[in-house]
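One file, upload00.cif, is given below (mmCIF, C-alpha atoms and all ligand atoms; chains and numbers go by the auth columns).
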```cif
data_protein
loop_
_atom_site.group_PDB
_atom_site.id
_atom_site.type_symbol
_atom_site.label_atom_id
_atom_site.label_comp_id
_atom_site.label_asym_id
_atom_site.label_seq_id
_atom_site.Cartn_x
_atom_site.Cartn_y
_atom_site.Cartn_z
_atom_site.B_iso_or_equiv
_atom_site.auth_seq_id
_atom_site.auth_asym_id
ATOM 1 C CA MET A 1 105.257 91.046 87.720 0.00 959 H
ATOM 2 C CA LYS A 2 102.224 91.044 85.393 0.00 960 H
ATOM 3 C CA ILE A 3 101.155 94.347 83.835 0.00 961 H
ATOM 4 C CA SER A 4 97.650 95.066 82.569 0.00 962 H
ATOM 5 C CA GLU A 5 96.637 97.267 79.686 0.00 963 H
ATOM 6 C CA ILE A 6 96.046 100.954 80.279 0.00 964 H
ATOM 7 C CA ALA A 7 92.408 102.048 80.604 0.00 965 H
ATOM 8 C CA ASN A 8 90.651 105.392 81.059 0.00 966 H
ATOM 9 C CA LEU A 9 89.421 106.258 84.544 0.00 967 H
ATOM 10 C CA PRO A 10 87.297 109.386 84.684 0.00 968 H
ATOM 11 C CA THR A 11 86.767 110.378 88.340 0.00 969 H
ATOM 12 C CA LYS A 12 85.246 113.243 90.276 0.00 970 H
ATOM 13 C CA TYR A 13 88.811 114.469 90.805 0.00 971 H
ATOM 14 C CA GLY A 14 89.746 114.505 87.119 0.00 972 H
ATOM 15 C CA LYS A 15 90.359 112.254 84.145 0.00 973 H
ATOM 16 C CA PHE A 16 93.012 109.657 84.803 0.00 974 H
ATOM 17 C CA LYS A 17 94.495 106.539 83.236 0.00 975 H
ATOM 18 C CA ILE A 18 94.613 103.328 85.257 0.00 976 H
ATOM 19 C CA GLN A 19 96.913 100.315 85.023 0.00 977 H
ATOM 20 C CA SER A 20 97.316 97.281 87.271 0.00 978 H
ATOM 21 C CA PHE A 21 100.608 95.689 88.304 0.00 979 H
ATOM 22 C CA MET A 22 100.297 92.222 89.774 0.00 980 H
ATOM 23 C CA GLU A 23 102.945 90.603 91.944 0.00 981 H
ATOM 24 C CA ASN A 24 102.545 87.719 94.424 0.00 982 H
ATOM 25 C CA ASP A 25 98.776 87.687 93.769 0.00 983 H
ATOM 26 C CA LYS A 26 98.486 91.329 94.874 0.00 984 H
ATOM 27 C CA GLU A 27 96.720 93.546 92.357 0.00 985 H
ATOM 28 C CA HIS A 28 98.271 96.993 92.745 0.00 986 H
ATOM 29 C CA LEU A 29 97.046 100.030 90.838 0.00 987 H
ATOM 30 C CA VAL A 30 98.585 103.089 89.264 0.00 988 H
ATOM 31 C CA ILE A 31 96.230 105.994 88.638 0.00 989 H
ATOM 32 C CA PHE A 32 98.018 108.560 86.488 0.00 990 H
ATOM 33 C CA THR A 33 97.533 111.669 84.409 0.00 991 H
ATOM 34 C CA GLU A 34 97.736 111.566 80.630 0.00 992 H
ATOM 35 C CA ASN A 35 100.588 114.081 80.644 0.00 993 H
ATOM 36 C CA LEU A 36 103.336 112.976 82.989 0.00 994 H
ATOM 37 C CA PRO A 37 105.852 115.740 83.644 0.00 995 H
ATOM 38 C CA GLU A 38 109.548 114.806 83.716 0.00 996 H
ATOM 39 C CA ILE A 39 109.421 115.103 87.512 0.00 997 H
ATOM 40 C CA PRO A 40 105.908 113.908 88.390 0.00 998 H
ATOM 41 C CA LEU A 41 104.073 114.269 91.688 0.00 999 H
ATOM 42 C CA VAL A 42 103.800 110.784 93.195 0.00 1000 H
ATOM 43 C CA ARG A 43 101.691 109.510 96.075 0.00 1001 H
ATOM 44 C CA ILE A 44 102.410 105.998 97.333 0.00 1002 H
ATOM 45 C CA HIS A 45 99.202 105.040 99.099 0.00 1003 H
ATOM 46 C CA SER A 46 98.737 101.850 101.112 0.00 1004 H
ATOM 47 C CA GLU A 47 95.274 100.336 101.016 0.00 1005 H
ATOM 48 C CA CYS A 48 92.909 101.246 103.840 0.00 1006 H
ATOM 49 C CA LEU A 49 89.437 99.990 102.969 0.00 1007 H
ATOM 50 C CA THR A 50 87.883 101.537 106.065 0.00 1008 H
ATOM 51 C CA GLY A 51 89.372 104.970 105.409 0.00 1009 H
ATOM 52 C CA ASP A 52 89.506 104.987 101.592 0.00 1010 H
ATOM 53 C CA ALA A 53 86.030 103.577 100.906 0.00 1011 H
ATOM 54 C CA LEU A 54 83.940 103.578 104.103 0.00 1012 H
ATOM 55 C CA GLY A 55 84.634 107.113 105.319 0.00 1013 H
ATOM 56 C CA SER A 56 86.261 105.987 108.579 0.00 1014 H
ATOM 57 C CA LEU A 57 87.404 108.828 110.831 0.00 1015 H
ATOM 58 C CA LYS A 58 89.879 106.613 112.730 0.00 1016 H
ATOM 59 C CA CYS A 59 92.732 107.491 110.369 0.00 1017 H
ATOM 60 C CA ASP A 60 93.717 110.095 107.769 0.00 1018 H
ATOM 61 C CA CYS A 61 93.898 107.725 104.762 0.00 1019 H
ATOM 62 C CA GLY A 62 90.667 108.653 102.961 0.00 1020 H
ATOM 63 C CA GLU A 63 91.353 112.367 103.073 0.00 1021 H
ATOM 64 C CA GLN A 64 94.986 111.854 102.080 0.00 1022 H
ATOM 65 C CA LEU A 65 93.851 109.837 99.062 0.00 1023 H
ATOM 66 C CA GLU A 66 91.368 112.505 97.980 0.00 1024 H
ATOM 67 C CA TYR A 67 93.925 115.247 98.440 0.00 1025 H
ATOM 68 C CA ALA A 68 96.485 113.252 96.463 0.00 1026 H
ATOM 69 C CA LEU A 69 94.133 112.587 93.536 0.00 1027 H
ATOM 70 C CA LYS A 70 93.209 116.267 93.339 0.00 1028 H
ATOM 71 C CA GLU A 71 96.809 117.447 93.539 0.00 1029 H
ATOM 72 C CA VAL A 72 98.057 114.841 91.042 0.00 1030 H
ATOM 73 C CA ASN A 73 95.311 115.919 88.661 0.00 1031 H
ATOM 74 C CA LYS A 74 96.496 119.523 88.960 0.00 1032 H
ATOM 75 C CA GLN A 75 100.252 118.982 88.772 0.00 1033 H
ATOM 76 C CA GLY A 76 100.553 115.799 86.702 0.00 1034 H
ATOM 77 C CA GLY A 77 101.727 112.547 88.234 0.00 1035 H
ATOM 78 C CA MET A 78 100.422 109.354 89.762 0.00 1036 H
ATOM 79 C CA VAL A 79 98.892 107.682 92.766 0.00 1037 H
ATOM 80 C CA ILE A 80 100.423 104.249 93.289 0.00 1038 H
ATOM 81 C CA TYR A 81 97.786 102.314 95.234 0.00 1039 H
ATOM 82 C CA LEU A 82 99.409 99.387 97.006 0.00 1040 H
ATOM 83 C CA ARG A 83 97.297 96.488 98.251 0.00 1041 H
ATOM 84 C CA GLN A 84 98.902 96.217 101.651 0.00 1042 H
ATOM 85 C CA GLU A 85 95.958 96.786 103.944 0.00 1043 H
ATOM 86 C CA GLY A 86 96.565 97.521 107.602 0.00 1044 H
ATOM 87 C CA ARG A 87 100.268 98.329 107.144 0.00 1045 H
ATOM 88 C CA GLY A 88 100.638 94.850 105.683 0.00 1046 H
ATOM 89 C CA ILE A 89 98.745 92.763 108.264 0.00 1047 H
ATOM 90 C CA GLY A 90 95.532 92.531 106.199 0.00 1048 H
ATOM 91 C CA LEU A 91 91.967 93.600 106.851 0.00 1049 H
ATOM 92 C CA PHE A 92 91.005 90.774 109.236 0.00 1050 H
ATOM 93 C CA ASN A 93 93.950 91.484 111.519 0.00 1051 H
ATOM 94 C CA LYS A 94 93.397 95.244 111.261 0.00 1052 H
ATOM 95 C CA VAL A 95 89.861 94.804 112.606 0.00 1053 H
ATOM 96 C CA ASN A 96 91.302 92.830 115.539 0.00 1054 H
ATOM 97 C CA ALA A 97 93.863 95.612 116.024 0.00 1055 H
ATOM 98 C CA TYR A 98 91.025 98.168 116.046 0.00 1056 H
ATOM 99 C CA ALA A 99 89.225 96.127 118.716 0.00 1057 H
ATOM 100 C CA LEU A 100 92.369 96.259 120.856 0.00 1058 H
ATOM 101 C CA GLN A 101 92.540 100.019 120.246 0.00 1059 H
ATOM 102 C CA ASP A 102 88.943 100.282 121.501 0.00 1060 H
ATOM 103 C CA ARG A 103 90.326 98.802 124.735 0.00 1061 H
ATOM 104 C CA GLY A 104 93.045 101.459 125.043 0.00 1062 H
ATOM 105 C CA LEU A 105 96.081 100.171 123.119 0.00 1063 H
ATOM 106 C CA ASP A 106 97.634 102.453 120.524 0.00 1064 H
ATOM 107 C CA THR A 107 98.101 101.410 116.889 0.00 1065 H
ATOM 108 C CA VAL A 108 101.649 100.117 117.476 0.00 1066 H
ATOM 109 C CA GLU A 109 100.863 98.278 120.736 0.00 1067 H
ATOM 110 C CA ALA A 110 97.858 96.629 119.088 0.00 1068 H
ATOM 111 C CA ASN A 111 100.019 95.241 116.253 0.00 1069 H
ATOM 112 C CA HIS A 112 102.544 93.930 118.772 0.00 1070 H
ATOM 113 C CA GLN A 113 99.823 92.329 120.877 0.00 1071 H
ATOM 114 C CA LEU A 114 98.703 90.418 117.769 0.00 1072 H
ATOM 115 C CA GLY A 115 102.254 89.225 117.103 0.00 1073 H
ATOM 116 C CA PHE A 116 103.070 91.595 114.230 0.00 1074 H
ATOM 117 C CA GLU A 117 105.660 94.292 113.765 0.00 1075 H
ATOM 118 C CA ALA A 118 104.371 97.857 113.791 0.00 1076 H
ATOM 119 C CA ASP A 119 104.815 98.175 110.025 0.00 1077 H
ATOM 120 C CA MET A 120 104.992 95.091 107.780 0.00 1078 H
ATOM 121 C CA ARG A 121 104.800 96.882 104.438 0.00 1079 H
ATOM 122 C CA ASP A 122 106.994 96.219 101.422 0.00 1080 H
ATOM 123 C CA PHE A 123 107.525 99.101 99.010 0.00 1081 H
ATOM 124 C CA SER A 124 109.915 97.292 96.661 0.00 1082 H
ATOM 125 C CA ILE A 125 107.426 97.170 93.787 0.00 1083 H
ATOM 126 C CA VAL A 126 107.293 100.988 93.643 0.00 1084 H
ATOM 127 C CA GLU A 127 110.732 101.300 92.124 0.00 1085 H
ATOM 128 C CA LYS A 128 109.847 98.673 89.489 0.00 1086 H
ATOM 129 C CA ILE A 129 106.653 100.562 88.627 0.00 1087 H
ATOM 130 C CA LEU A 130 108.434 103.915 88.338 0.00 1088 H
ATOM 131 C CA LYS A 131 111.111 102.346 86.131 0.00 1089 H
ATOM 132 C CA HIS A 132 108.392 100.888 83.930 0.00 1090 H
ATOM 133 C CA PHE A 133 107.141 104.439 83.363 0.00 1091 H
ATOM 134 C CA GLY A 134 110.697 105.659 82.698 0.00 1092 H
ATOM 135 C CA ILE A 135 110.566 107.927 85.753 0.00 1093 H
ATOM 136 C CA LYS A 136 113.884 108.783 87.436 0.00 1094 H
ATOM 137 C CA LYS A 137 112.992 111.756 89.632 0.00 1095 H
ATOM 138 C CA ILE A 138 109.846 112.413 91.626 0.00 1096 H
ATOM 139 C CA LYS A 139 108.187 114.823 94.005 0.00 1097 H
ATOM 140 C CA LEU A 140 106.806 112.621 96.788 0.00 1098 H
ATOM 141 C CA LEU A 141 103.610 113.377 98.703 0.00 1099 H
ATOM 142 C CA THR A 142 104.118 111.932 102.179 0.00 1100 H
ATOM 143 C CA ASN A 143 104.714 112.657 105.858 0.00 1101 H
ATOM 144 C CA ASN A 144 106.724 109.460 106.173 0.00 1102 H
ATOM 145 C CA PRO A 145 110.455 110.137 105.662 0.00 1103 H
ATOM 146 C CA LYS A 146 111.150 106.374 105.448 0.00 1104 H
ATOM 147 C CA LYS A 147 109.435 106.333 102.057 0.00 1105 H
ATOM 148 C CA GLU A 148 111.836 109.016 100.805 0.00 1106 H
ATOM 149 C CA PHE A 149 114.852 106.836 101.479 0.00 1107 H
ATOM 150 C CA SER A 150 113.471 103.522 100.290 0.00 1108 H
ATOM 151 C CA PHE A 151 114.654 104.031 96.681 0.00 1109 H
ATOM 152 C CA LYS A 152 117.922 102.969 95.073 0.00 1110 H
ATOM 153 C CA ASP A 153 117.758 104.530 91.618 0.00 1111 H
ATOM 154 C CA ILE A 154 114.896 106.996 91.968 0.00 1112 H
ATOM 155 C CA LYS A 155 115.685 110.473 93.227 0.00 1113 H
ATOM 156 C CA VAL A 156 113.165 112.188 95.471 0.00 1114 H
ATOM 157 C CA ILE A 157 113.818 115.830 94.687 0.00 1115 H
ATOM 158 C CA LYS A 158 111.216 117.069 97.146 0.00 1116 H
ATOM 159 C CA ARG A 159 109.025 115.646 99.921 0.00 1117 H
ATOM 160 C CA ILE A 160 105.660 117.374 100.072 0.00 1118 H
ATOM 161 C CA PRO A 161 103.747 116.910 103.354 0.00 1119 H
ATOM 162 C CA ILE A 162 100.140 115.790 103.212 0.00 1120 H
ATOM 163 C CA ILE A 163 98.835 116.726 106.611 0.00 1121 H
ATOM 164 C CA ILE A 164 95.139 116.381 107.191 0.00 1122 H
ATOM 165 C CA LYS A 165 93.235 118.259 109.869 0.00 1123 H
ATOM 166 C CA PRO A 166 92.786 115.857 112.792 0.00 1124 H
ATOM 167 C CA ASN A 167 89.413 114.922 114.237 0.00 1125 H
ATOM 168 C CA PRO A 168 88.623 113.621 117.749 0.00 1126 H
ATOM 169 C CA TYR A 169 88.739 110.012 116.493 0.00 1127 H
ATOM 170 C CA ASN A 170 92.159 110.132 114.813 0.00 1128 H
ATOM 171 C CA ILE A 171 94.121 112.673 116.863 0.00 1129 H
ATOM 172 C CA ASN A 172 95.728 110.026 119.095 0.00 1130 H
ATOM 173 C CA TYR A 173 96.475 107.834 116.072 0.00 1131 H
ATOM 174 C CA LEU A 174 98.241 110.778 114.389 0.00 1132 H
ATOM 175 C CA LYS A 175 100.215 111.488 117.565 0.00 1133 H
ATOM 176 C CA THR A 176 101.309 107.838 117.716 0.00 1134 H
ATOM 177 C CA LYS A 177 102.373 108.002 114.052 0.00 1135 H
ATOM 178 C CA LYS A 178 104.520 110.994 114.902 0.00 1136 H
ATOM 179 C CA GLU A 179 105.965 109.661 118.158 0.00 1137 H
ATOM 180 C CA LYS A 180 106.421 105.967 117.353 0.00 1138 H
ATOM 181 C CA LEU A 181 106.440 105.632 113.562 0.00 1139 H
ATOM 182 C CA GLY A 182 108.598 108.641 112.699 0.00 1140 H
ATOM 183 C CA HIS A 183 106.039 110.624 110.722 0.00 1141 H
ATOM 184 C CA LYS A 184 106.716 114.313 110.340 0.00 1142 H
ATOM 185 C CA ILE A 185 103.524 115.900 111.569 0.00 1143 H
ATOM 186 C CA GLU A 186 103.559 119.326 113.159 0.00 1144 H
ATOM 187 C CA PHE A 187 100.475 119.709 115.287 0.00 1145 H
ATOM 188 C CA ASN A 188 100.596 123.469 115.291 0.00 1146 H
ATOM 189 C CA GLU A 189 100.883 123.967 111.566 0.00 1147 H
ATOM 190 C CA LYS A 190 98.064 125.027 109.340 0.00 1148 H
ATOM 191 C CA TRP A 191 96.077 121.908 108.535 0.00 1149 H
ATOM 192 C CA ARG A 192 95.106 120.925 105.069 0.00 1150 H
ATOM 193 C CA ASN A 193 91.669 119.664 104.418 0.00 1151 H
ATOM 194 C CA ASN A 194 91.055 117.785 101.239 0.00 1152 H
ATOM 195 C CA ASN A 195 90.311 121.005 99.377 0.00 1153 H
ATOM 196 C CA GLY A 196 93.941 121.871 99.988 0.00 1154 H
ATOM 197 C CA LYS A 197 92.867 124.805 102.154 0.00 1155 H
HETATM 198 N N1 LIG B . 97.661 97.688 111.514 0.00 1201 H
HETATM 199 C C1 LIG B . 97.071 98.875 111.406 0.00 1201 H
HETATM 200 N N2 LIG B . 97.077 99.486 110.222 0.00 1201 H
HETATM 201 C C2 LIG B . 96.495 100.693 110.125 0.00 1201 H
HETATM 202 C C3 LIG B . 95.856 101.311 111.212 0.00 1201 H
HETATM 203 N N3 LIG B . 95.364 102.495 110.806 0.00 1201 H
HETATM 204 C C4 LIG B . 95.690 102.601 109.492 0.00 1201 H
HETATM 205 N N4 LIG B . 96.376 101.526 109.074 0.00 1201 H
HETATM 206 C C5 LIG B . 96.984 101.258 107.783 0.00 1201 H
HETATM 207 O O1 LIG B . 98.066 102.128 107.614 0.00 1201 H
HETATM 208 C C6 LIG B . 98.357 102.272 106.225 0.00 1201 H
HETATM 209 C C7 LIG B . 98.596 103.738 105.951 0.00 1201 H
HETATM 210 O O2 LIG B . 99.758 104.083 106.596 0.00 1201 H
HETATM 211 P P1 LIG B . 100.036 105.470 107.266 0.00 1201 H
HETATM 212 O O3 LIG B . 100.938 105.206 108.436 0.00 1201 H
HETATM 213 O O4 LIG B . 98.758 106.200 107.482 0.00 1201 H
HETATM 214 O O5 LIG B . 100.785 106.323 106.236 0.00 1201 H
HETATM 215 P P2 LIG B . 102.149 106.148 105.489 0.00 1201 H
HETATM 216 O O6 LIG B . 101.796 105.513 104.194 0.00 1201 H
HETATM 217 O O7 LIG B . 103.216 105.484 106.313 0.00 1201 H
HETATM 218 O O8 LIG B . 102.631 107.640 105.371 0.00 1201 H
HETATM 219 P P3 LIG B . 101.981 108.852 104.636 0.00 1201 H
HETATM 220 O O9 LIG B . 102.578 108.830 103.256 0.00 1201 H
HETATM 221 O O10 LIG B . 102.400 110.055 105.377 0.00 1201 H
HETATM 222 O O11 LIG B . 100.492 108.640 104.645 0.00 1201 H
HETATM 223 C C8 LIG B . 97.174 101.673 105.490 0.00 1201 H
HETATM 224 O O12 LIG B . 97.573 100.401 104.994 0.00 1201 H
HETATM 225 C C9 LIG B . 96.121 101.500 106.584 0.00 1201 H
HETATM 226 O O13 LIG B . 95.257 100.403 106.350 0.00 1201 H
HETATM 227 C C10 LIG B . 95.865 100.631 112.467 0.00 1201 H
HETATM 228 O O14 LIG B . 95.389 101.118 113.482 0.00 1201 H
HETATM 229 N N5 LIG B . 96.462 99.414 112.504 0.00 1201 H
HETATM 230 ZN ZN ZN B . 93.404 104.357 107.211 0.00 1202 H
#
```
Go through the file and emit its structure as structure tokens.
Ligand SMILES: Nc1nc2c(ncn2[C@@H]2O[C@H](COP(=O)(O)OP(=O)(O)OP(=O)(O)O)[C@@H](O)[C@H]2O)c(=O)[nH]1
Ligand SMILES: [Zn+2]
Amino acid sequence: MKISEIANLPTKYGKFKIQSFMENDKEHLVIFTENLPEIPLVRIHSECLTGDALGSLKCDCGEQLEYALKEVNKQGGMVIYLRQEGRGIGLFNKVNAYALQDRGLDTVEANHQLGFEADMRDFSIVEKILKHFGIKKIKLLTNNPKKEFSFKDIKVIKRIPIIIKPNPYNINYLKTKKEKLGHKIEFNEKWRNNNGK
């Protein structure tokens, strides 16, 4: 693993520090607050160019990222931005998966049709990054309970849901995440928008 220097990253969500961790030619990022509490708030975010940068309404990624940056700025912590686009299948394949979804397949069926598993992501670098920062306990922002149990030496003292109000374009995707990918999403609970309201 190669580790960059730490640089300042002022954003519209607050003033952060940024550092890159490179492994297997993947340039991951950690965006963190100057003051890291002993038990920081951590968001492990997998890259979604369409949602994070292009404002796509097909998923909840962009709004989750915004919410996470705002909340991390308030509470102290970090967003670990992992370069594993399309749940690990890459951008090219994700576009093909989207085309299959346009024809009626759900997000899991589309991956299978293309010869991939539903979720090909690898979170092993997260533990190395947290250790590098000397972090042993975290509060984890996620609806995905699998992430909570993917650590050996890091203790997740609390899982904080990050549920974004659905729109007509992502409601079926969110239902599939709940039914097939094990996400904890209650469809009758009060939704968060990215103002946290
Ligand atoms: N293959 C594929 N990947 C997708 C699709 N929609 C979003 N993604 C990717 O899914 C990843 C985000 O995963 P999610 O399942 O939304 O969330 P999570 O990280 O498991 O859980 P949360 O912490 O609750 O957000 C990103 O890498 C996106 O690019 C899709 O339809 N097909
Ligand atoms: Zn997305």
Got a sec to resolve the PyMOL selection byres (((chain H and resi 1001) around 6) and not hetatm) on this structure and send the residues as a compact mmCIF listing (two decimals) with C-alpha atoms, keeping the file's coordinate frame?
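Saved as result_10.txt:
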```txt
# COMPACT_ATOMS: atom_id res chain seq x y z
CA VAL H 1000 103.80 110.78 93.20
CA ILE H 1002 102.41 106.00 97.33
CA HIS H 1003 99.20 105.04 99.10
CA VAL H 1037 98.89 107.68 92.77
CA LEU H 1099 103.61 113.38 98.70
```
So which residues touch region 1046-1063 of chain H within 10 Å, counting only C-alpha atoms, skipping near sequence neighbours fewer than 4 positions away, as an NGL selection string?
:H and (1004-1008 or 1016 or 1040-1042 or 1067-1072 or 1074-1080 or 1131)
Write the selection just made, keeping C-alpha atoms, as a compact mmCIF listing (two decimals), keeping the file's coordinate frame?
```
# COMPACT_ATOMS: atom_id res chain seq x y z
CA SER H 1004 98.74 101.85 101.11
CA GLU H 1005 95.27 100.34 101.02
CA CYS H 1006 92.91 101.25 103.84
CA LEU H 1007 89.44 99.99 102.97
CA THR H 1008 87.88 101.54 106.06
CA LYS H 1016 89.88 106.61 112.73
CA LEU H 1040 99.41 99.39 97.01
CA ARG H 1041 97.30 96.49 98.25
CA GLN H 1042 98.90 96.22 101.65
CA GLU H 1067 100.86 98.28 120.74
CA ALA H 1068 97.86 96.63 119.09
CA ASN H 1069 100.02 95.24 116.25
CA HIS H 1070 102.54 93.93 118.77
CA GLN H 1071 99.82 92.33 120.88
CA LEU H 1072 98.70 90.42 117.77
CA PHE H 1074 103.07 91.60 114.23
CA GLU H 1075 105.66 94.29 113.76
CA ALA H 1076 104.37 97.86 113.79
CA ASP H 1077 104.82 98.18 110.02
CA MET H 1078 104.99 95.09 107.78
CA ARG H 1079 104.80 96.88 104.44
CA ASP H 1080 106.99 96.22 101.42
CA TYR H 1131 96.48 107.83 116.07
```
I need the residue set behind the PyMOL selection byres (((chain H and resi 1142) around 8) and not hetatm) for this file; please write it as a list in words.
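When the PyMOL selection byres (((chain H and resi 1142) around 8) and not hetatm) is applied, the selected residues are Asn1101, Asn1102, Pro1103, Lys1136, Gly1140, His1141, Ile1143 and Glu1144 of chain H.
The residue set within 9 Å of Lys1113 (chain H), counting only C-alpha atoms and dropping same-chain residues fewer than 5 places from it, reads Lys1094, Lys1095, Ile1096, Lys1097 and Glu1106 of chain H.
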Box centre and edge lengths (Å, one decimal), axis-aligned, region 999-1009 of chain H plus 4 Å each side, as AutoDock Vina command-line options:
```
--center_x 96.0 --center_y 107.1 --center_z 98.9 --size_x 24.2 --size_y 22.3 --size_z 22.4
```
Looking at all atoms listed in the file, which of H:Ile1038, H:Ile1112, H:Phe1091, H:Asp1064 is the one that sits closest to Leu1023 (chain H)?
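Nearest to Leu1023 (chain H): H:Ile1038.
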With distances taken over all atoms listed in the file, which of H:Ser1014, H:Gln1033, H:Thr1100, H:Thr1065 is nearest to Asn1130 (chain H)?
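That would be H:Thr1065, the residue with the smallest distance to Asn1130 (chain H).
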Please check which residues have atoms at most 10 Å from (100.3, 114.5, 90.5) in the file's coordinates, counting only C-alpha atoms, and write them as a PyMOL selection string.
chain H and resi 989-991+993-995+997-1001+1026-1037+1096-1099
